[in-house]
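Chemist: Sending over a structure as structure tokens; questions will come in a sec.
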Amino acid sequence: MSATVIDGKIFAARLRAAVEAQTAKLKQEHGIVPGLATVLVGLDPASEVYVRNKNKTAEAIGFHSVSYHLPESASEAEVLARVEALNADKSVHGILVQMQLPKPVREAAVLDTLDPAKDVDALTPTNAGLLMSGRAQLVSCTPMGVMLLLKEFVGDVAGLDALVIGRSLLFGKPAAQLLLAANATVTMAHSRTRDLPGLARRADILVAAIGKPELVRGDWVKPGATVIDVGINRVDAGGGKTKLVGDVAYDEAAQIAGAITPVPGGVGAMTIVCLMRNTLIAAALQAGLTPPPV
Ligand code: NAP
């Protein structure tokens with residue numbers, strides 16, 4: 001058996017077109033241009049690429065887009081002052097502070113300062129709490145992207161056994177909450193979990209967000225399961241080159257699974273578009289409007 005490949009690029013393109021159309025409508029009908037501000041601190045090359053792509057996509061969709069790049073030596077007070085200025089800026093509806101932050105800057109201090117209404121990554125305690133209460137309007141981008149893919153490929157997940165490997169604030173925890181809200185029976189696993197392969201073999205939906213190249217092997221996969229690989233790992237490809245692989249051994253798992261996301265081109269393709277979706281929703285909500293249907 002060979003699994004159906006879940007091509008995130010196709011769904012991302014469709015969602016992007018919808019966001020673009022609703023952005024034009026918001027501008028035409030209400031004179032509102034969604035604004036996204038990115039804040040990058042330090043010199044991490046991967047983060048620079050992510051932020052550049054976010055700004056480029058925002059501009060292409062028709063958003064007002066601004067970016068701030070603070071030096072590696074920036075103090076926590078300087079970062080918080082930038083966030084406070086953006087909280088007060090009426091042309092900015094969404095603020096994305098790129099994590100990981102250099103050591104002296106506490107992530108919690110940044111998230112406690114960020115206005116939850118502009119928290120388009122949905123990482124603040126307010127938005128995490130609203131998600132748990134079933135009242136979230138802004139949902140963390142990658143978990144939202146995963147749920148949209150599952151909706152397309154699985155449909156109703158009610159009653160299915162879902163295993164989420166990884167319990168980060170950025171992905172694992174919100175993903176588990178969303179699956180639970182959709183009535184899946186959710187198990188969360190992490191580095192202290194016993195018998196991870198055994199748990200994985202019971203999962204109808206297997207979600208891996210670990211950050212360990214190809215940790216999940218083919219014989220961990222239940223025949224016919226849907227495998228969602230969130231991991232992005234750069235590994236040696238020989239000859240001085242590198243390549244990206246996920247947290248799942250793709251070639252092995254694709255023999256057993258019913259459907260599987262590739263890396264790259266699976267979940268990752270959805271994340272940036274979901275960020276744009278959140279910014280559009282945030283702009284509408286801040287103007288007292290009903291969020292557009294995207
Ligand atoms: P993270 O904060 O480092 O969390 C990793 C999680 O994996 C932790 O909960 C950790 O457990 C668990 N873990 C580590 N080793 C394990 C093992 N041997 N067995 C079981 N669990 C283990 O990472 P993250 O931010 O969630 O990201 C995870 C991966 O997804 C990374 O590769 C990242 O690049 C990728 N990612 C991709 C996107 C995208 O757009 N596609 C977005 C976000 C993240 P403990 O809690 O016990 O330490």
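Ordered as shown in the structure tokens, chains take letters A, B, and onward, while each chain numbers its residues from 1 and ligands are numbered from 1 in the order shown.
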At a cut-off of 9 Å, using only C-alpha atoms, what residues contact segment 83-92 of chain A? Leave out same-chain residues fewer than 5 positions from it and give the result as a PyMOL selection string.
Modeler: chain A and resi 32-37+39+64-66+78+97+110+113-115+118+283
Chemist: Any residue with an atom at most 6 Å from ligand 1 counts, using only C-alpha atoms and all ligand atoms. Which are they? Put them as an MDAnalysis selection string.
Modeler: chainID A and resid 142 165:168 170:172 190:192 209:211 230:233 267:268 271
Chemist: Would you kindly return, as a ChimeraX atom specification, each protein, DNA or RNA residue with an atom no farther than 12 Å from any atom of Leu179 of chain A, considering only C-alpha atoms and excluding same-chain residues fewer than 2 positions away?
Modeler: /A:131-132,134,143-144,146-148,150-151,156-164,172-177,181-188,205-207
Chemist: For Ala77 of chain A, find every residue with an atom within 9 Å (counting only C-alpha atoms), except residues of its own chain fewer than 4 positions away, and show them as a list in words.
Modeler: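 Once the adjacent positions are removed, what remains is Ala81, Arg82 and Val105 of chain A.
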Chemist: I need the chosen residues saved as a PDB file, in the first residue's frame, with N, CA and C atoms.
Modeler:
```pdb
ATOM      1  N   ALA A  81       9.631  47.525  24.845  1.00  0.00           N
ATOM      2  CA  ALA A  81       9.241  48.878  24.382  1.00  0.00           C
ATOM      3  C   ALA A  81       8.754  48.806  22.937  1.00  0.00           C
ATOM      4  N   ARG A  82       9.398  47.998  22.125  1.00  0.00           N
ATOM      5  CA  ARG A  82       8.973  47.845  20.715  1.00  0.00           C
ATOM      6  C   ARG A  82       7.574  47.222  20.661  1.00  0.00           C
ATOM      7  N   VAL A 105      16.360  37.895  26.950  1.00  0.00           N
ATOM      8  CA  VAL A 105      14.977  38.341  26.738  1.00  0.00           C
ATOM      9  C   VAL A 105      14.041  37.171  27.058  1.00  0.00           C
TER      10      VAL A 105
END
```
Chemist: Measuring atom to atom with only C-alpha atoms, identify which of A:Arg135, A:Lys25, A:Arg217, A:Lys212 is nearest to Asp247 of chain A.
Modeler: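 Checking each candidate against Asp247 of chain A, we get A:Lys212 as the closest.
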Chemist: What lies within 10 Å of Gly265 of chain A using only C-alpha atoms, ignoring chain neighbours under 4 positions off, as a tab-separated table (two decimals) with all heavy atoms, in the first residue's frame?
Modeler:
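The result, stored in part.tsv:
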```tsv
chain	number	residue	atom	x	y	z
A	5	VAL	N	-0.59	11.29	-0.61
A	5	VAL	CA	0.28	12.38	-0.16
A	5	VAL	C	-0.59	13.63	0.07
A	5	VAL	O	-1.31	14.07	-0.83
A	5	VAL	CB	1.37	12.68	-1.21
A	5	VAL	CG1	2.25	13.84	-0.74
A	5	VAL	CG2	2.20	11.45	-1.47
A	6	ILE	N	-0.53	14.15	1.29
A	6	ILE	CA	-1.30	15.35	1.62
A	6	ILE	C	-0.47	16.56	1.20
A	6	ILE	O	0.50	16.93	1.87
A	6	ILE	CB	-1.63	15.41	3.13
A	6	ILE	CG1	-2.45	14.17	3.53
A	6	ILE	CG2	-2.37	16.70	3.47
A	6	ILE	CD1	-2.80	14.08	5.00
A	7	ASP	N	-0.83	17.13	0.08
A	7	ASP	CA	-0.05	18.24	-0.48
A	7	ASP	C	-0.53	19.57	0.12
A	7	ASP	O	-1.53	20.13	-0.31
A	7	ASP	CB	-0.21	18.24	-2.01
A	7	ASP	CG	0.70	19.25	-2.67
A	7	ASP	OD1	1.19	20.17	-1.97
A	7	ASP	OD2	0.94	19.14	-3.89
A	8	GLY	N	0.20	20.03	1.13
A	8	GLY	CA	-0.19	21.26	1.82
A	8	GLY	C	-0.16	22.48	0.90
A	8	GLY	O	-0.88	23.45	1.12
A	9	LYS	N	0.65	22.42	-0.14
A	9	LYS	CA	0.80	23.59	-1.03
A	9	LYS	C	-0.53	23.92	-1.73
A	9	LYS	O	-0.88	25.07	-1.90
A	9	LYS	CB	1.90	23.34	-2.07
A	9	LYS	CG	3.29	23.20	-1.45
A	9	LYS	CD	4.39	23.28	-2.48
A	9	LYS	CE	4.42	22.16	-3.48
A	9	LYS	NZ	4.57	20.79	-2.96
A	10	ILE	N	-1.25	22.85	-2.11
A	10	ILE	CA	-2.54	23.06	-2.81
A	10	ILE	C	-3.53	23.77	-1.88
A	10	ILE	O	-4.18	24.75	-2.26
A	10	ILE	CB	-3.12	21.71	-3.29
A	10	ILE	CG1	-2.23	21.11	-4.36
A	10	ILE	CG2	-4.55	21.88	-3.79
A	10	ILE	CD1	-2.63	19.72	-4.79
A	12	ALA	N	-2.84	25.43	0.89
A	12	ALA	CA	-2.32	26.75	1.26
A	12	ALA	C	-2.66	27.77	0.18
A	12	ALA	O	-3.05	28.90	0.48
A	12	ALA	CB	-0.81	26.67	1.48
A	261	THR	N	1.67	13.63	5.32
A	261	THR	CA	2.18	14.92	4.84
A	261	THR	C	3.68	14.80	4.55
A	261	THR	O	4.43	14.25	5.36
A	261	THR	CB	1.99	16.04	5.89
A	261	THR	OG1	2.64	15.64	7.11
A	261	THR	CG2	0.52	16.31	6.15
A	269	ALA	N	3.68	24.45	4.60
A	269	ALA	CA	3.10	25.34	3.58
A	269	ALA	C	1.88	26.09	4.13
A	269	ALA	O	1.55	27.18	3.66
A	269	ALA	CB	2.70	24.52	2.36
A	270	MET	N	1.22	25.49	5.13
A	270	MET	CA	-0.01	26.09	5.66
A	270	MET	C	0.27	27.19	6.69
A	270	MET	O	-0.56	28.08	6.90
A	270	MET	CB	-0.85	25.01	6.35
A	270	MET	CG	-1.37	23.93	5.46
A	270	MET	SD	-2.61	24.52	4.31
A	270	MET	CE	-4.02	24.76	5.37
```
Chemist: I need the residues of segment 48-279 of chain A that end up classed as strand (DSSP E or B) by DSSP on the backbone, written out as a PyMOL selection string.
Modeler: chain A and resi 64-70+94-97+119+161-165+185-189+205-208+216+226-229+233-238+241-245+248+259-260
Chemist: Taking a cut-off of 7 Å and counting only C-alpha atoms, can you build a table that, for each residue of segment 4-113 of chain A near segment 120-128 of chain A, reports the nearest atom pair and how far apart they are in Å (one decimal), sorted by chain then residue number, as a Markdown table?
Modeler:
```
| residue | atom | partner | partner_atom | distance |
| --- | --- | --- | --- | --- |
| A:Gly94 | CA | A:Val120 | CA | 5.4 |
| A:Ile95 | CA | A:Val120 | CA | 6.3 |
| A:Leu96 | CA | A:Asp121 | CA | 6.5 |
| A:Leu111 | CA | A:Thr124 | CA | 5.1 |
| A:Asp112 | CA | A:Thr124 | CA | 6.6 |
```
Chemist: Taking the backbone alone, and naming residues the way the document does, which bits of segment 179-264 of chain A are helix (DSSP H, G or I) by DSSP, as a ChimeraX atom specification?
Modeler: /A:179-181,196-200,218-220,250-256
Chemist: Those same residues - N, CA, C and O atoms - I'd like them written as a PDB file, in the first residue's frame.
Modeler:
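Just written: selection-v5.pdb:
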```
ATOM      1  N   LEU A 179      -7.873  19.137  18.499  1.00  0.00           N
ATOM      2  CA  LEU A 179      -8.349  17.780  18.201  1.00  0.00           C
ATOM      3  C   LEU A 179      -9.414  17.358  19.203  1.00  0.00           C
ATOM      4  O   LEU A 179     -10.419  16.741  18.848  1.00  0.00           O
ATOM      5  N   LEU A 180      -9.192  17.729  20.465  1.00  0.00           N
ATOM      6  CA  LEU A 180     -10.172  17.415  21.510  1.00  0.00           C
ATOM      7  C   LEU A 180     -11.490  18.137  21.242  1.00  0.00           C
ATOM      8  O   LEU A 180     -12.575  17.544  21.350  1.00  0.00           O
ATOM      9  N   ALA A 181     -11.395  19.402  20.858  1.00  0.00           N
ATOM     10  CA  ALA A 181     -12.602  20.178  20.554  1.00  0.00           C
ATOM     11  C   ALA A 181     -13.358  19.566  19.370  1.00  0.00           C
ATOM     12  O   ALA A 181     -14.572  19.718  19.261  1.00  0.00           O
ATOM     13  N   LEU A 196       6.433   4.728  23.320  1.00  0.00           N
ATOM     14  CA  LEU A 196       5.911   5.602  22.267  1.00  0.00           C
ATOM     15  C   LEU A 196       5.493   4.810  21.016  1.00  0.00           C
ATOM     16  O   LEU A 196       4.406   5.050  20.482  1.00  0.00           O
ATOM     17  N   PRO A 197       6.296   3.824  20.563  1.00  0.00           N
ATOM     18  CA  PRO A 197       5.856   3.060  19.383  1.00  0.00           C
ATOM     19  C   PRO A 197       4.517   2.369  19.610  1.00  0.00           C
ATOM     20  O   PRO A 197       3.661   2.351  18.727  1.00  0.00           O
ATOM     21  N   GLY A 198       4.307   1.831  20.822  1.00  0.00           N
ATOM     22  CA  GLY A 198       3.042   1.143  21.128  1.00  0.00           C
ATOM     23  C   GLY A 198       1.863   2.102  21.071  1.00  0.00           C
ATOM     24  O   GLY A 198       0.808   1.764  20.525  1.00  0.00           O
ATOM     25  N   LEU A 199       2.044   3.296  21.637  1.00  0.00           N
ATOM     26  CA  LEU A 199       0.976   4.306  21.585  1.00  0.00           C
ATOM     27  C   LEU A 199       0.696   4.705  20.134  1.00  0.00           C
ATOM     28  O   LEU A 199      -0.451   4.850  19.726  1.00  0.00           O
ATOM     29  N   ALA A 200       1.777   4.906  19.378  1.00  0.00           N
ATOM     30  CA  ALA A 200       1.628   5.352  17.984  1.00  0.00           C
ATOM     31  C   ALA A 200       0.844   4.320  17.173  1.00  0.00           C
ATOM     32  O   ALA A 200       0.005   4.684  16.353  1.00  0.00           O
ATOM     33  N   GLY A 218       8.397   3.554  10.310  1.00  0.00           N
ATOM     34  CA  GLY A 218       7.258   2.980   9.593  1.00  0.00           C
ATOM     35  C   GLY A 218       6.482   1.975  10.425  1.00  0.00           C
ATOM     36  O   GLY A 218       5.252   1.939  10.393  1.00  0.00           O
ATOM     37  N   ASP A 219       7.200   1.154  11.224  1.00  0.00           N
ATOM     38  CA  ASP A 219       6.479   0.109  11.973  1.00  0.00           C
ATOM     39  C   ASP A 219       5.807   0.653  13.241  1.00  0.00           C
ATOM     40  O   ASP A 219       5.264  -0.101  14.033  1.00  0.00           O
ATOM     41  N   TRP A 220       5.843   1.991  13.429  1.00  0.00           N
ATOM     42  CA  TRP A 220       5.068   2.617  14.510  1.00  0.00           C
ATOM     43  C   TRP A 220       3.660   2.999  14.007  1.00  0.00           C
ATOM     44  O   TRP A 220       2.824   3.437  14.785  1.00  0.00           O
ATOM     45  N   TYR A 250       9.709   9.098   6.284  1.00  0.00           N
ATOM     46  CA  TYR A 250       8.636   9.223   5.292  1.00  0.00           C
ATOM     47  C   TYR A 250       8.480   7.967   4.430  1.00  0.00           C
ATOM     48  O   TYR A 250       7.374   7.444   4.278  1.00  0.00           O
ATOM     49  N   ASP A 251       9.588   7.484   3.851  1.00  0.00           N
ATOM     50  CA  ASP A 251       9.484   6.366   2.900  1.00  0.00           C
ATOM     51  C   ASP A 251       8.896   5.122   3.565  1.00  0.00           C
ATOM     52  O   ASP A 251       8.095   4.409   2.973  1.00  0.00           O
ATOM     53  N   GLU A 252       9.310   4.886   4.816  1.00  0.00           N
ATOM     54  CA  GLU A 252       8.770   3.730   5.554  1.00  0.00           C
ATOM     55  C   GLU A 252       7.292   3.945   5.877  1.00  0.00           C
ATOM     56  O   GLU A 252       6.456   3.071   5.643  1.00  0.00           O
ATOM     57  N   ALA A 253       6.989   5.123   6.437  1.00  0.00           N
ATOM     58  CA  ALA A 253       5.618   5.379   6.905  1.00  0.00           C
ATOM     59  C   ALA A 253       4.628   5.402   5.742  1.00  0.00           C
ATOM     60  O   ALA A 253       3.479   4.977   5.893  1.00  0.00           O
ATOM     61  N   ALA A 254       5.076   5.885   4.593  1.00  0.00           N
ATOM     62  CA  ALA A 254       4.172   6.000   3.434  1.00  0.00           C
ATOM     63  C   ALA A 254       3.733   4.620   2.919  1.00  0.00           C
ATOM     64  O   ALA A 254       2.737   4.510   2.224  1.00  0.00           O
ATOM     65  N   GLN A 255       4.468   3.563   3.295  1.00  0.00           N
ATOM     66  CA  GLN A 255       4.060   2.196   2.907  1.00  0.00           C
ATOM     67  C   GLN A 255       2.879   1.700   3.736  1.00  0.00           C
ATOM     68  O   GLN A 255       2.171   0.778   3.325  1.00  0.00           O
ATOM     69  N   ILE A 256       2.710   2.286   4.922  1.00  0.00           N
ATOM     70  CA  ILE A 256       1.734   1.751   5.889  1.00  0.00           C
ATOM     71  C   ILE A 256       0.537   2.690   6.063  1.00  0.00           C
ATOM     72  O   ILE A 256      -0.596   2.250   6.230  1.00  0.00           O
TER      73      ILE A 256
END
```
Chemist: Just to confirm, what's the straight-line distance from atom CA of Asp119 of chain A to atom CA of Gly266 of chain A in Å (one decimal)?
Modeler: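 These two atoms are separated by 24.5 Å.
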Chemist: Could you name the residues that touch Leu70 of chain A at 9 Å or less, counting only C-alpha atoms, but leaving out those on the same chain fewer than 3 positions away, as an MDAnalysis selection string?
Modeler: chainID A and resid 39:42 73:74 78:79
Chemist: Please write the residues from the selection above to a file, keeping C-alpha atoms, as an mmCIF file, in the first residue's frame.
Modeler:
```
data_model
loop_
_atom_site.group_PDB
_atom_site.id
_atom_site.type_symbol
_atom_site.label_atom_id
_atom_site.label_comp_id
_atom_site.auth_asym_id
_atom_site.auth_seq_id
_atom_site.Cartn_x
_atom_site.Cartn_y
_atom_site.Cartn_z
ATOM 1 C CA VAL A 39 9.807 41.670 15.355
ATOM 2 C CA LEU A 40 13.038 39.734 15.007
ATOM 3 C CA VAL A 41 15.745 39.859 17.654
ATOM 4 C CA GLY A 42 19.274 38.661 16.908
ATOM 5 C CA SER A 73 22.479 42.699 22.100
ATOM 6 C CA ALA A 74 18.973 44.175 22.557
ATOM 7 C CA GLU A 78 14.091 47.430 24.423
ATOM 8 C CA VAL A 79 12.132 44.470 23.067
#
```
Chemist: Neighbours of Gln100 of chain A within 9 Å (only C-alpha atoms; same-chain residues fewer than 4 positions away dropped), as a PyMOL selection string?
Modeler: chain A and resi 41+44+47+107
Chemist: Measure the distance from atom CA of Met276 of chain A to atom CA of Ser67 of chain A in Å and round it to one decimal.
Modeler: 14.8 Å
Chemist: To one decimal place in Å, what is the distance between atom CA of Arg202 of chain A and atom CA of Gly246 of chain A?
Modeler: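 One can read the atom CA of Arg202 of chain A to atom CA of Gly246 of chain A distance as 20.8 Å.
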